[in-house]
Each structure stands twice: as structure tokens, then as C-alpha cells.
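Visitor: Dropping a structure here in C-alpha cells format, bear with me for questions.
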Amino acid sequence: MLMQDKLAYVAGVANHRSIAWAIAKALDREGCRLALGYLGEREKQEIDKLVGELKQAPLLVSCDVTRDESVGEAFALLGRECGRLDAVVHAIAFARREDLDGRYTDTSREGYHLALDVSAFSLNCLARGAEPLMTEGGGIVALTYLGSERAIANYNVMGVAKAALEAGIRYLAGELGPKGIRVNGLSAGPLRTLAARGIKDFSAMHRMHAERAALKRNTEIEEVADTALFLCSHLSRGITGEVIYVDGGFRIMGG
Ligand code: NAD
């Protein structure tokens, strides 16, 4: 029971395939009390179907990270209902479908701003909101992808957003470290989720991953969830500002 008597806010549950949902289940298994962050009514309906699988009923928190008012209301609710947070999971990203296809060179100003706002600046929003609630320190974990450091076909503006997210992780880690708040990235191999469906030729990316990864198979969502659990728990108490790869050894392989 690694997370007994701990409280975690897991943002980014859209449906049963969401990485955030897999992480929520891993935290729940280890005794954690949960607040689940969702975007809108459609996501809420999906979550309502899932919560019965958890051992403890979660607090449901509506939060659109592009709206300061919504973020403020979400953290006011978390403060009232939880009083304290020990862990925060950021599993939020969005880019327009036309920006995950074709040339990065042709990304519009609006598409660029939207992708960076939802996928990278949102970590500032969550960290700033959580800071006063993380009175006993704890772990903030953000989901990222290799497209931050390599030019991966069709990942385009999302790769630039992930690079900003990873740089943000290091700045936040440096600033929040004195309060015992650790901030880390978890870079996952390709997983079949709603967000992944927006990337053109995702299936080819998924296939190629299994062929080239050191482990010669695809990443499993439970592996990602267990590493997120580790990064949220005291077992990772000496780690901050890092990006941990859970990709079956794809990144370390040569061509
Ligand atoms: P997902 O579609 O299940 O999750 C993305 C979430 O972002 C959704 O819950 C969606 O509602 C939320 N979101 C979008 N706009 C938002 C907004 N304005 N305010 C609040 N929430 C918003 O897909 P996923 O694959 O589970 O994605 C979770 C994270 O994992 C993302 O950061 C993604 O980039 C990252 N990731 C995914 C993969 C993959 O292959 N699926 C690999 C590495 C990293």
C-alpha cells in the first residue's frame, strides 16, 4: 500500500483507454484517495461508467486548462474537499488534427498557440494550483513523448509542445524542490488512446515501435501506470526534474 492515506489529483481522464485512467487505477490499488480531473460533460459521462472499478469513490473535478476561471474553481474545490495533495498527474494534451498531419513548417499561429497552451502551459496551471495544497511535499508527474527530442513524422507541433513541457518540468522542479515537491516527466511509448487516434499513421508508428524497441514489443499501459505510481510515491523521493522513459528501450536503440 504505497499510497495509503495519500491524496492525488489525476487530470486527463477521457475514457477507459486514457493513460490517466490506468494511473488512477494503479494509485487506487495502493490505497490512494483520488480526485479525477476531466474536461467536459462527455468525459464526465465516461468517468461515471468507470468509477465503480475503484476501491474508494473519487472526487470528480471539472477543469478546462485553457480557462483560468475553470482552473481556479478546480483548485478551490480540491482545497475544500481534499485539504491537501500529495501527488498530481498531468496527462493532458491537444493539437488540432490538421496539425498532426503533413508538414510542421505549415503549422498556423493559432494551432501552435493552442497546442502549447493545452499541452505545456497547463503544467504551470496545475503546479501553481497544487503548490499551496502540497504542504507535505510530494510528486508531480507529466506525460510526455520522444517527439520532444526527435523529429517524428506527423507528431509535429505536439513534439514542440512536449519539448516545452519537459523544459517546464525542469524549471518547476528547481523552484518547487525546496518545498519537497518533485516534478518529473514520464515518456511513454505509443499507446492506443483517444489522443493517439488524432496522429496520422499512428498504427505504423505503433508497429515500428515493437519492431525496433529493445524489448521487441509495444509498451503496455500498466507499465506506464506503475512508473507513474513510483514517481508519485516516496520510492522516488530522490528523483526530480527528470524524464523517465517507459518505452521498452526504443530510445536507446540505433537505426
Ligand atoms: P487521452 O485522449 O485519453 O487523454 C488526453 C486528455 O487531455 C483527455 O482526457 C482530454 O480531455 C484532455 N484535455 C484536452 N484538452 C483539455 C483541456 N483544454 N483541459 C483539460 N483537459 C484537456 O489520451 P492519452 O494518450 O491518455 O494522453 C494523456 C497524455 O499522455 C498526453 O499528455 C499525451 O500526449 C501523453 N502521451 C500519450 C502517448 C500515447 O501514445 N497515447 C504516448 C506518450 C505520451
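Naming works like this for the C-alpha cells: A, B, ... for the chains as they're shown, residue 1 at the start of each chain, ligands 1 onward in shown order.
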Name the residues in contact with A:Trp21 at a cut-off of 9 Å, using only C-alpha atoms, excluding same-chain residues fewer than 5 positions from it; report them as an NGL selection string.

Guide: :A and (10 or 12-16 or 26 or 36 or 47 or 50 or 225)

Visitor: From stretch 104-170 of chain A, collect each residue whose DSSP state is strand (DSSP E or B) and return the set as a list in words.

Guide: Gly138, Gly139, Ile140, Val141, Ala142, Leu143 and Thr144 of chain A

Visitor: Write out, as a CSV table (one decimal), in the first residue's frame, the residues just selected, with N, CA, C and O atoms.

Guide:
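Written out: out-v7.csv:
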```csv
chain,number,residue,atom,x,y,z
A,138,GLY,N,5.7,16.1,-2.2
A,138,GLY,CA,5.0,15.1,-3.0
A,138,GLY,C,5.5,15.1,-4.4
A,138,GLY,O,6.6,15.7,-4.7
A,139,GLY,N,4.8,14.4,-5.3
A,139,GLY,CA,5.3,14.2,-6.7
A,139,GLY,C,4.3,14.8,-7.7
A,139,GLY,O,3.1,14.5,-7.6
A,140,ILE,N,4.8,15.5,-8.7
A,140,ILE,CA,4.0,15.9,-9.8
A,140,ILE,C,4.6,15.2,-11.0
A,140,ILE,O,5.8,15.2,-11.2
A,141,VAL,N,3.7,14.5,-11.8
A,141,VAL,CA,4.2,13.7,-12.9
A,141,VAL,C,3.5,14.2,-14.2
A,141,VAL,O,2.2,14.3,-14.2
A,142,ALA,N,4.2,14.4,-15.3
A,142,ALA,CA,3.6,14.8,-16.5
A,142,ALA,C,4.0,13.8,-17.6
A,142,ALA,O,5.1,13.4,-17.7
A,143,LEU,N,3.0,13.5,-18.4
A,143,LEU,CA,3.2,12.5,-19.5
A,143,LEU,C,3.8,13.2,-20.7
A,143,LEU,O,3.3,14.3,-21.2
A,144,THR,N,4.8,12.6,-21.3
A,144,THR,CA,5.5,13.2,-22.5
A,144,THR,C,5.8,12.1,-23.5
A,144,THR,O,5.5,10.9,-23.3
```

Visitor: Once you count only C-alpha atoms and all ligand atoms, which residues end up within 8 Å of ligand 1, and could you hand them over as a ChimeraX atom specification?

Guide: /A:11-21,37-40,43,63-67,90-94,118-119,122,142-146,158,162,186-196

Visitor: According to DSSP computed on the backbone, where in stretch 140-235 of chain A is there alpha helix (DSSP H)? Give the residues as JSON, numbers by chain.

Guide: {"A": [156, 157, 158, 159, 160, 161, 162, 163, 164, 165, 166, 167, 168, 169, 170, 171, 172, 173, 174, 175, 176, 194, 195, 196, 197, 202, 203, 204, 205, 206, 207, 208, 209, 210, 211, 212, 221, 222, 223, 224, 225, 226, 227, 228, 229, 230, 231, 232]}

Visitor: Tell me, as a list in words, which residues lie within 8 Å of A:Leu100, counting only C-alpha atoms; anything in the same chain fewer than 2 positions away does not count.

Guide: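 In the requested format, the answer is Ala95, Arg96, Arg97, Glu98, Gly102, Asn154, Tyr155, Asn156, Val157, Met158, Gly198, Ile199 and Lys200 of chain A.
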
Visitor: What lies within 9 Å of stretch 169-181 of chain A using only C-alpha atoms, ignoring chain neighbours under 5 positions off, as a ChimeraX atom specification?

Guide: /A:86-87,123-124,127,131,134-142,164,237,240-243

Visitor: Write a file of the just-selected residues containing all heavy atoms, as a CSV table (one decimal), in the first residue's frame.

Guide:
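What ended up in result_27.csv:
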```
chain,number,residue,atom,x,y,z
A,86,ASP,N,-0.9,15.1,-2.3
A,86,ASP,CA,0.5,14.5,-2.2
A,86,ASP,C,1.0,14.2,-3.6
A,86,ASP,O,2.2,14.0,-3.7
A,86,ASP,CB,0.4,13.2,-1.4
A,86,ASP,CG,-0.2,13.4,0.0
A,86,ASP,OD1,0.5,14.1,0.8
A,86,ASP,OD2,-1.3,13.0,0.3
A,87,ALA,N,0.1,14.2,-4.6
A,87,ALA,CA,0.6,13.8,-5.9
A,87,ALA,C,-0.4,14.5,-6.9
A,87,ALA,O,-1.6,14.6,-6.7
A,87,ALA,CB,0.6,12.3,-6.1
A,123,LEU,N,0.8,22.6,-17.5
A,123,LEU,CA,1.5,22.1,-16.3
A,123,LEU,C,1.8,23.2,-15.3
A,123,LEU,O,1.7,23.0,-14.1
A,123,LEU,CB,2.8,21.4,-16.8
A,123,LEU,CG,3.7,20.8,-15.7
A,123,LEU,CD1,2.9,19.7,-14.9
A,123,LEU,CD2,5.0,20.3,-16.2
A,124,ASN,N,2.0,24.4,-15.8
A,124,ASN,CA,2.2,25.6,-14.9
A,124,ASN,C,0.9,25.8,-14.1
A,124,ASN,O,0.9,26.0,-12.9
A,124,ASN,CB,2.4,26.9,-15.7
A,124,ASN,CG,3.8,26.9,-16.3
A,124,ASN,OD1,4.1,26.0,-17.1
A,124,ASN,ND2,4.6,28.0,-16.0
A,127,ALA,N,0.6,23.0,-11.5
A,127,ALA,CA,1.7,23.1,-10.5
A,127,ALA,C,1.4,24.3,-9.5
A,127,ALA,O,1.5,24.2,-8.3
A,127,ALA,CB,3.0,23.2,-11.1
A,131,GLU,N,0.6,23.8,-5.6
A,131,GLU,CA,1.7,24.2,-4.7
A,131,GLU,C,1.2,24.4,-3.3
A,131,GLU,O,1.7,23.8,-2.3
A,131,GLU,CB,2.4,25.4,-5.3
A,131,GLU,CG,3.6,25.8,-4.4
A,131,GLU,CD,4.3,27.0,-4.9
A,131,GLU,OE1,3.8,27.6,-6.0
A,131,GLU,OE2,5.3,27.4,-4.3
A,134,MET,N,0.2,21.2,-1.5
A,134,MET,CA,1.2,20.1,-1.3
A,134,MET,C,2.1,20.5,-0.1
A,134,MET,O,3.3,20.6,-0.2
A,134,MET,CB,2.0,19.9,-2.6
A,134,MET,CG,1.1,19.4,-3.8
A,134,MET,SD,2.0,19.0,-5.3
A,134,MET,CE,2.7,17.4,-4.9
A,135,THR,N,1.4,20.6,1.0
A,135,THR,CA,2.1,21.1,2.2
A,135,THR,C,3.1,20.1,2.8
A,135,THR,O,4.0,20.5,3.5
A,135,THR,CB,1.0,21.4,3.3
A,135,THR,OG1,0.1,20.2,3.4
A,135,THR,CG2,0.2,22.6,3.0
A,136,GLU,N,3.0,18.9,2.4
A,136,GLU,CA,4.0,17.9,2.9
A,136,GLU,C,4.9,17.4,1.7
A,136,GLU,O,5.4,16.3,1.8
A,136,GLU,CB,3.2,16.7,3.5
A,136,GLU,CG,2.5,17.2,4.8
A,136,GLU,CD,1.6,16.1,5.4
A,136,GLU,OE1,1.9,14.9,5.2
A,136,GLU,OE2,0.7,16.5,6.1
A,137,GLY,N,4.9,18.2,0.7
A,137,GLY,CA,5.7,17.8,-0.5
A,137,GLY,C,5.0,16.8,-1.3
A,137,GLY,O,3.8,16.6,-1.1
A,138,GLY,N,5.7,16.1,-2.2
A,138,GLY,CA,5.0,15.1,-3.0
A,138,GLY,C,5.5,15.1,-4.4
A,138,GLY,O,6.6,15.7,-4.7
A,139,GLY,N,4.8,14.4,-5.3
A,139,GLY,CA,5.3,14.2,-6.7
A,139,GLY,C,4.3,14.8,-7.7
A,139,GLY,O,3.1,14.5,-7.6
A,140,ILE,N,4.8,15.5,-8.7
A,140,ILE,CA,4.0,15.9,-9.8
A,140,ILE,C,4.6,15.2,-11.0
A,140,ILE,O,5.8,15.2,-11.2
A,140,ILE,CB,4.1,17.4,-10.1
A,140,ILE,CG1,3.5,18.2,-8.9
A,140,ILE,CG2,3.3,17.8,-11.3
A,140,ILE,CD1,3.6,19.7,-9.0
A,141,VAL,N,3.7,14.5,-11.8
A,141,VAL,CA,4.2,13.7,-12.9
A,141,VAL,C,3.5,14.2,-14.2
A,141,VAL,O,2.2,14.3,-14.2
A,141,VAL,CB,3.9,12.2,-12.7
A,141,VAL,CG1,4.5,11.4,-13.9
A,141,VAL,CG2,4.5,11.7,-11.4
A,142,ALA,N,4.2,14.4,-15.3
A,142,ALA,CA,3.6,14.8,-16.5
A,142,ALA,C,4.0,13.8,-17.6
A,142,ALA,O,5.1,13.4,-17.7
A,142,ALA,CB,4.1,16.2,-16.9
A,164,ALA,N,8.6,21.9,-24.7
A,164,ALA,CA,8.3,23.0,-23.8
A,164,ALA,C,7.9,22.4,-22.4
A,164,ALA,O,8.3,22.9,-21.4
A,164,ALA,CB,7.2,23.9,-24.3
A,237,ARG,N,11.7,9.4,-4.0
A,237,ARG,CA,11.9,10.6,-3.3
A,237,ARG,C,13.2,11.4,-3.6
A,237,ARG,O,13.3,12.6,-3.3
A,237,ARG,CB,11.9,10.4,-1.7
A,237,ARG,CG,12.9,9.4,-1.2
A,237,ARG,CD,12.5,9.0,0.2
A,237,ARG,NE,13.4,7.9,0.7
A,237,ARG,CZ,13.3,6.6,0.4
A,237,ARG,NH1,12.4,6.2,-0.4
A,237,ARG,NH2,14.2,5.8,0.9
A,240,THR,N,14.0,14.2,-9.1
A,240,THR,CA,13.2,15.3,-9.6
A,240,THR,C,13.8,16.0,-10.8
A,240,THR,O,15.1,15.9,-11.0
A,240,THR,CB,13.0,16.4,-8.5
A,240,THR,OG1,11.9,17.2,-8.9
A,240,THR,CG2,14.2,17.2,-8.1
A,241,GLY,N,13.0,16.5,-11.7
A,241,GLY,CA,13.4,17.2,-12.9
A,241,GLY,C,13.9,16.3,-14.0
A,241,GLY,O,14.5,16.7,-15.0
A,242,GLU,N,13.5,15.0,-13.8
A,242,GLU,CA,13.9,14.0,-14.8
A,242,GLU,C,12.8,13.6,-15.8
A,242,GLU,O,11.6,13.8,-15.4
A,242,GLU,CB,14.4,12.7,-14.1
A,242,GLU,CG,15.7,12.9,-13.3
A,242,GLU,CD,16.9,13.2,-14.2
A,242,GLU,OE1,16.9,12.9,-15.4
A,242,GLU,OE2,17.9,13.7,-13.6
A,243,VAL,N,13.2,13.1,-16.9
A,243,VAL,CA,12.2,12.4,-17.8
A,243,VAL,C,12.6,10.9,-17.8
A,243,VAL,O,13.7,10.6,-18.2
A,243,VAL,CB,12.3,13.0,-19.2
A,243,VAL,CG1,11.3,12.2,-20.1
A,243,VAL,CG2,11.9,14.5,-19.2
```
